[in-house]
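See below for start_30.pdb, which holds PDB, C-alpha atoms, pLDDT in the B column.
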```pdb
ATOM      1  CA  MET G   5      -8.105 -10.483  -6.686  1.00 49.00           C
ATOM      2  CA  VAL G   6      -9.039  -7.258  -8.441  1.00 59.00           C
ATOM      3  CA  THR G   7     -10.180  -4.466  -6.174  1.00 74.00           C
ATOM      4  CA  LYS G   8     -13.047  -2.089  -6.887  1.00 82.00           C
ATOM      5  CA  VAL G   9     -11.711   0.440  -4.367  1.00 86.00           C
ATOM      6  CA  GLY G  10     -11.242   3.813  -6.003  1.00 82.00           C
ATOM      7  CA  THR G  11     -14.109   3.383  -8.450  1.00 83.00           C
ATOM      8  CA  GLU G  12     -16.943   4.311  -6.065  1.00 87.00           C
ATOM      9  CA  ASN G  13     -19.305   7.071  -7.195  1.00 86.00           C
ATOM     10  CA  ASP G  14     -19.488   8.419  -3.647  1.00 91.00           C
ATOM     11  CA  ARG G  15     -16.160  10.180  -3.022  1.00 92.00           C
ATOM     12  CA  LEU G  16     -16.484   9.935   0.763  1.00 94.00           C
ATOM     13  CA  GLU G  17     -17.019   6.184   0.508  1.00 94.00           C
ATOM     14  CA  MET G  18     -14.037   5.955  -1.847  1.00 94.00           C
ATOM     15  CA  LEU G  19     -11.746   7.680   0.668  1.00 95.00           C
ATOM     16  CA  GLN G  20     -13.080   5.542   3.512  1.00 95.00           C
ATOM     17  CA  ASN G  21     -12.430   2.397   1.482  1.00 93.00           C
ATOM     18  CA  LEU G  22      -8.890   3.560   0.727  1.00 94.00           C
ATOM     19  CA  ILE G  23      -8.303   4.008   4.446  1.00 96.00           C
ATOM     20  CA  LYS G  24      -9.625   0.476   5.043  1.00 94.00           C
ATOM     21  CA  LEU G  25      -7.288  -0.823   2.359  1.00 93.00           C
ATOM     22  CA  ASP G  26      -4.353   1.004   3.959  1.00 95.00           C
ATOM     23  CA  HIS G  27      -5.284  -0.475   7.362  1.00 94.00           C
ATOM     24  CA  ALA G  28      -5.293  -3.923   5.750  1.00 90.00           C
ATOM     25  CA  ALA G  29      -1.890  -3.170   4.201  1.00 92.00           C
ATOM     26  CA  VAL G  30      -0.462  -2.122   7.574  1.00 94.00           C
ATOM     27  CA  GLU G  31      -1.575  -5.431   9.093  1.00 91.00           C
ATOM     28  CA  ALA G  32      -0.311  -7.446   6.121  1.00 90.00           C
ATOM     29  CA  TYR G  33       3.077  -5.730   6.301  1.00 93.00           C
ATOM     30  CA  GLN G  34       3.295  -6.460  10.018  1.00 93.00           C
ATOM     31  CA  ALA G  35       2.411 -10.105   9.355  1.00 90.00           C
ATOM     32  CA  ALA G  36       5.167 -10.265   6.729  1.00 92.00           C
ATOM     33  CA  ILE G  37       7.714  -8.516   8.959  1.00 95.00           C
ATOM     34  CA  ASP G  38       6.955 -10.988  11.753  1.00 93.00           C
ATOM     35  CA  ARG G  39       7.563 -13.958   9.456  1.00 90.00           C
ATOM     36  CA  LEU G  40      10.491 -12.944   7.236  1.00 94.00           C
ATOM     37  CA  ASP G  41      13.975 -14.284   7.903  1.00 94.00           C
ATOM     38  CA  ASN G  42      15.705 -11.686   5.687  1.00 95.00           C
ATOM     39  CA  GLN G  43      16.537  -8.727   7.963  1.00 96.00           C
ATOM     40  CA  ALA G  44      17.005  -6.228   5.102  1.00 96.00           C
ATOM     41  CA  TRP G  45      13.585  -7.150   3.721  1.00 96.00           C
ATOM     42  CA  ARG G  46      12.017  -6.751   7.176  1.00 96.00           C
ATOM     43  CA  GLU G  47      13.512  -3.261   7.459  1.00 97.00           C
ATOM     44  CA  GLN G  48      12.277  -2.250   4.006  1.00 97.00           C
ATOM     45  CA  LEU G  49       8.788  -3.599   4.666  1.00 97.00           C
ATOM     46  CA  ALA G  50       8.702  -1.656   7.941  1.00 98.00           C
ATOM     47  CA  GLU G  51       9.277   1.520   5.922  1.00 97.00           C
ATOM     48  CA  PHE G  52       6.483   0.566   3.516  1.00 97.00           C
ATOM     49  CA  LYS G  53       4.197  -0.107   6.490  1.00 97.00           C
ATOM     50  CA  ALA G  54       4.988   3.413   7.726  1.00 98.00           C
ATOM     51  CA  ASP G  55       3.946   4.796   4.320  1.00 97.00           C
ATOM     52  CA  HIS G  56       0.549   3.112   4.668  1.00 96.00           C
ATOM     53  CA  MET G  57       0.187   4.541   8.161  1.00 97.00           C
ATOM     54  CA  ARG G  58       0.950   7.998   6.737  1.00 97.00           C
ATOM     55  CA  HIS G  59      -1.708   7.491   4.052  1.00 97.00           C
ATOM     56  CA  ILE G  60      -4.253   6.842   6.807  1.00 97.00           C
ATOM     57  CA  ARG G  61      -3.140   9.986   8.680  1.00 97.00           C
ATOM     58  CA  GLU G  62      -3.338  12.115   5.519  1.00 97.00           C
ATOM     59  CA  LEU G  63      -6.706  10.819   4.304  1.00 96.00           C
ATOM     60  CA  SER G  64      -8.447  10.864   7.702  1.00 97.00           C
ATOM     61  CA  PRO G  65      -8.894  14.678   7.939  1.00 96.00           C
ATOM     62  CA  LEU G  66     -10.444  14.701   4.452  1.00 95.00           C
ATOM     63  CA  VAL G  67     -12.982  12.062   5.479  1.00 95.00           C
ATOM     64  CA  GLN G  68     -13.787  14.008   8.648  1.00 96.00           C
ATOM     65  CA  HIS G  69     -14.118  17.271   6.692  1.00 94.00           C
ATOM     66  CA  MET G  70     -16.585  15.539   4.358  1.00 93.00           C
ATOM     67  CA  GLY G  71     -18.645  14.527   7.403  1.00 95.00           C
ATOM     68  CA  GLY G  72     -17.663  10.864   7.432  1.00 95.00           C
ATOM     69  CA  GLU G  73     -16.307   8.527  10.044  1.00 95.00           C
ATOM     70  CA  VAL G  74     -12.707   7.409   9.700  1.00 96.00           C
ATOM     71  CA  PRO G  75     -12.421   3.607   9.513  1.00 93.00           C
ATOM     72  CA  GLU G  76     -10.366   2.124  12.344  1.00 89.00           C
ATOM     73  CA  SER G  77      -9.531  -1.165  10.606  1.00 76.00           C
ATOM     74  CA  GLY G  78      -9.466  -2.907   7.269  1.00 65.00           C
ATOM     75  CA  GLY G  79     -12.397  -5.173   8.070  1.00 66.00           C
ATOM     76  CA  ALA G  80     -12.664  -8.397   6.074  1.00 55.00           C
ATOM     77  CA  LYS G  81      -9.956  -7.252   3.652  1.00 54.00           C
ATOM     78  CA  GLU G  82      -7.528  -7.167   6.576  1.00 50.00           C
ATOM     79  CA  MET G  83      -8.099 -10.852   7.294  1.00 55.00           C
ATOM     80  CA  LEU G  84      -7.626 -11.748   3.637  1.00 56.00           C
ATOM     81  CA  THR G  85      -4.354  -9.846   3.219  1.00 56.00           C
ATOM     82  CA  GLN G  86      -2.926 -11.190   6.480  1.00 52.00           C
ATOM     83  CA  GLY G  87      -4.084 -14.688   5.582  1.00 55.00           C
ATOM     84  CA  LYS G  88      -2.202 -14.661   2.285  1.00 55.00           C
ATOM     85  CA  VAL G  89       0.984 -13.728   4.121  1.00 56.00           C
ATOM     86  CA  ALA G  90       0.506 -16.252   6.920  1.00 52.00           C
ATOM     87  CA  MET G  91      -0.140 -19.103   4.484  1.00 57.00           C
ATOM     88  CA  SER G  92       2.862 -18.191   2.353  1.00 55.00           C
ATOM     89  CA  ALA G  93       5.177 -18.132   5.383  1.00 50.00           C
ATOM     90  CA  ILE G  94       5.257 -21.920   5.278  1.00 60.00           C
ATOM     91  CA  MET G  95       7.139 -21.680   1.973  1.00 63.00           C
ATOM     92  CA  GLY G  96       9.684 -19.040   2.971  1.00 81.00           C
ATOM     93  CA  ASP G  97      10.656 -15.453   2.318  1.00 90.00           C
ATOM     94  CA  ASP G  98      10.091 -15.434  -1.456  1.00 90.00           C
ATOM     95  CA  ALA G  99       6.551 -16.740  -0.977  1.00 88.00           C
ATOM     96  CA  ILE G 100       5.883 -14.040   1.619  1.00 88.00           C
ATOM     97  CA  LEU G 101       7.023 -11.367  -0.863  1.00 91.00           C
ATOM     98  CA  ARG G 102       4.810 -12.934  -3.547  1.00 89.00           C
ATOM     99  CA  ALA G 103       1.842 -12.588  -1.185  1.00 88.00           C
ATOM    100  CA  MET G 104       2.797  -8.979  -0.547  1.00 90.00           C
ATOM    101  CA  LYS G 105       3.071  -8.422  -4.307  1.00 91.00           C
ATOM    102  CA  SER G 106      -0.529  -9.578  -4.648  1.00 87.00           C
ATOM    103  CA  ASN G 107      -1.602  -7.185  -1.889  1.00 86.00           C
ATOM    104  CA  GLU G 108       0.360  -4.308  -3.448  1.00 90.00           C
ATOM    105  CA  ASN G 109      -1.251  -4.985  -6.828  1.00 89.00           C
ATOM    106  CA  ASP G 110      -4.589  -4.261  -5.144  1.00 88.00           C
ATOM    107  CA  THR G 111      -3.376  -1.058  -3.506  1.00 91.00           C
ATOM    108  CA  ASN G 112      -1.782   0.126  -6.754  1.00 93.00           C
ATOM    109  CA  THR G 113      -5.033  -0.442  -8.645  1.00 92.00           C
ATOM    110  CA  ALA G 114      -7.067   1.272  -5.925  1.00 94.00           C
ATOM    111  CA  TYR G 115      -4.832   4.361  -5.850  1.00 95.00           C
ATOM    112  CA  GLU G 116      -4.705   4.530  -9.673  1.00 94.00           C
ATOM    113  CA  ASN G 117      -8.512   4.493  -9.755  1.00 93.00           C
ATOM    114  CA  ALA G 118      -8.803   6.950  -6.870  1.00 94.00           C
ATOM    115  CA  VAL G 119      -6.464   9.510  -8.462  1.00 94.00           C
ATOM    116  CA  GLU G 120      -8.739   9.548 -11.519  1.00 89.00           C
ATOM    117  CA  ASN G 121     -11.896   9.910  -9.406  1.00 87.00           C
ATOM    118  CA  ALA G 122     -10.530  12.063  -6.590  1.00 87.00           C
ATOM    119  CA  PRO G 123     -12.145  15.170  -5.244  1.00 84.00           C
ATOM    120  CA  PRO G 124      -9.813  18.098  -5.978  1.00 89.00           C
ATOM    121  CA  GLU G 125      -8.813  18.505  -2.329  1.00 88.00           C
ATOM    122  CA  ALA G 126      -7.615  14.871  -2.212  1.00 92.00           C
ATOM    123  CA  ARG G 127      -5.815  14.633  -5.535  1.00 93.00           C
ATOM    124  CA  GLU G 128      -2.323  15.635  -4.335  1.00 94.00           C
ATOM    125  CA  ILE G 129      -2.478  13.265  -1.346  1.00 96.00           C
ATOM    126  CA  LEU G 130      -3.659  10.428  -3.568  1.00 96.00           C
ATOM    127  CA  GLN G 131      -0.947  11.081  -6.150  1.00 96.00           C
ATOM    128  CA  ARG G 132       1.698  10.848  -3.407  1.00 96.00           C
ATOM    129  CA  GLY G 133       0.060   7.653  -2.180  1.00 96.00           C
ATOM    130  CA  LEU G 134       0.090   6.215  -5.689  1.00 96.00           C
ATOM    131  CA  ALA G 135       3.782   7.038  -6.046  1.00 96.00           C
ATOM    132  CA  ASP G 136       4.405   5.179  -2.771  1.00 96.00           C
ATOM    133  CA  GLU G 137       2.360   2.189  -3.923  1.00 95.00           C
ATOM    134  CA  ARG G 138       4.237   1.976  -7.202  1.00 95.00           C
ATOM    135  CA  ARG G 139       7.563   2.196  -5.391  1.00 95.00           C
ATOM    136  CA  HIS G 140       6.511  -0.565  -2.983  1.00 95.00           C
ATOM    137  CA  CYS G 141       5.406  -2.833  -5.796  1.00 94.00           C
ATOM    138  CA  ASN G 142       8.522  -2.260  -7.854  1.00 95.00           C
ATOM    139  CA  TRP G 143      10.813  -2.928  -4.899  1.00 95.00           C
ATOM    140  CA  ILE G 144       9.028  -6.243  -4.294  1.00 95.00           C
ATOM    141  CA  LEU G 145       9.242  -7.112  -7.997  1.00 95.00           C
ATOM    142  CA  ALA G 146      12.978  -6.331  -8.009  1.00 95.00           C
ATOM    143  CA  GLN G 147      13.573  -8.602  -5.011  1.00 95.00           C
ATOM    144  CA  LEU G 148      11.728 -11.392  -6.834  1.00 93.00           C
ATOM    145  CA  GLY G 149      13.749 -10.810 -10.024  1.00 93.00           C
ATOM    146  CA  GLU G 150      10.704  -9.588 -11.939  1.00 89.00           C
ATOM    147  CA  GLU G 151      10.255  -6.626 -14.258  1.00 87.00           C
ATOM    148  CA  PRO G 152       8.814  -3.388 -12.821  1.00 85.00           C
ATOM    149  CA  ARG G 153       5.221  -2.450 -13.541  1.00 76.00           C
ATOM    150  CA  PRO G 154       5.155  -0.674 -16.926  1.00 73.00           C
ATOM    151  CA  GLU G 155       2.871   2.179 -15.845  1.00 67.00           C
ATOM    152  CA  VAL G 156       5.432   3.443 -13.369  1.00 44.00           C
ATOM    153  CA  THR G 157       7.032   6.665 -14.392  1.00 43.00           C
ATOM    154  CA  SER G 158      10.339   7.820 -13.039  1.00 37.00           C
ATOM    155  CA  ARG G 159      10.156  10.548 -10.478  1.00 38.00           C
ATOM    156  CA  PRO G 160      13.117  12.351  -9.038  1.00 33.00           C
ATOM    157  CA  ARG G 161      14.021  11.213  -5.587  1.00 33.00           C
ATOM    158  CA  SER G 162      16.339  12.728  -3.082  1.00 34.00           C
ATOM    159  CA  GLU G 163      19.584  11.024  -2.216  1.00 33.00           C
ATOM    160  CA  SER G 164      18.024   9.683   1.009  1.00 34.00           C
ATOM    161  CA  SER G 165      15.148   7.997  -0.820  1.00 34.00           C
ATOM    162  CA  ARG G 166      17.042   5.751  -3.170  1.00 32.00           C
ATOM    163  CA  PRO G 167      16.321   2.003  -2.992  1.00 35.00           C
ATOM    164  CA  GLY G 168      18.198   0.179  -0.285  1.00 36.00           C
ATOM    165  CA  GLN G 169      18.576   3.256   1.898  1.00 33.00           C
ATOM    166  CA  HIS G 170      16.468   4.368   4.806  1.00 29.00           C
ATOM    167  CA  GLY G 171      14.310   7.428   4.547  1.00 29.00           C
ATOM    168  CA  TRP G 172      11.817   6.476   1.820  1.00 23.00           C
ATOM    169  CA  HIS G 173       8.657   8.424   2.430  1.00 26.00           C
TER     170      HIS G 173
END
```

Entire entry expressed as structure tokens:
Amino acid sequence: MVTKVGTENDRLEMLQNLIKLDHAAVEAYQAAIDRLDNQAWREQLAEFKADHMRHIRELSPLVQHMGGEVPESGGAKEMLTQGKVAMSAIMGDDAILRAMKSNENDTNTAYENAVENAPPEAREILQRGLADERRHCNWILAQLGEEPRPEVTSRPRSESSRPGQHGWH
């Protein structure tokens, strides 16, 4: 499913929709964590969930400053993302990661679009969010034995943020 989030003409609405998408991601990650057998994958997904929670915390003051209300949930998108994970759980850990890959494709597309359309005061936050989304997607792809997304550029990371170690933020 291709998302339109990040392409809105109204920048406030765009930021609110990103927050909704991050809420949906938080719930989808929790659904995956609850269903995975692989402990290392559960730990990594918990870190990715924390990134999405940080995105919500960072974007919320911008929405408030623009006079908008901060969404408290992902709405219908939340049910869809959780549903994909719950249905895939029947087929095991790889299927759960494939469902998460689908969800991360949406968040990557949304953040890519949002960075291009961002108000200046949001651009840095959205670029960090996009870097997180790309890292999440590429980790999932690596676990599934797939090639990384080609649009990902290398960015220097500290020793504590290398794949397989705790501390990715």

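Considering only C-alpha atoms, the residue among G:Ser77, G:Cys141, G:Asn112, G:Ala103 positioned nearest to G:Glu31 is G:Ser77.
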
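Note that the spacing between atom CA of G:Leu145 and atom CA of G:Gly10 amounts to 23.3 Å.
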
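If only C-alpha atoms are the atoms counted, then among G:Met70, G:Ala54, G:Ala44, G:Ala114 the closest residue to G:Lys24 is G:Ala114.
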
If we draw a sphere of 12 Å around (7.9, -0.8, -8.0), which residues have at least one atom in it when counting all atoms listed in the file? Please report them as number ranges by chain. G: 52, 105, 108-109, 112, 134-159, 167

For atom CA of G:Gly72 and atom CA of G:Glu116, quote the distance in Å rounded to one decimal. 22.4 Å

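Using only C-alpha atoms for every distance, the candidate list G:Glu125, G:Asp55, G:Asp26, G:Asp98 yields G:Asp26 as the residue closest to G:Val9.
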
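Proximity ranking of G:Gln131, G:Asn121, G:Gln68, G:Asn42 relative to G:Leu101 places G:Asn42 first, based on all atoms listed in the file.
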
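Selection result for the displayed file, with the PyMOL selection byres ((chain G and resi 123) around 12) as criterion, is Gly10, Glu12, Asn13, Asp14, Arg15, Leu16, Glu17, Met18, Leu19, Leu63, Leu66, Val67, Met70, Ala118, Val119, Glu120, Asn121, Ala122, Pro124, Glu125, Ala126, Arg127, Glu128, Ile129, Leu130 and Gln131 of chain G.
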
Take every atom of stretch 36-48 of chain G listed in the file, pad by 8 Å on each side, and give me the axis-aligned box centre and edge lengths in Å, one decimal, as AutoDock Vina command-line options.
```
--center_x 11.1 --center_y -8.3 --center_z 7.7 --size_x 27.8 --size_y 28.0 --size_z 24.0
```

Can you work out the spacing between atom CA of G:Lys8 and atom CA of G:Ser106 in Å, to one decimal? 14.8 Å
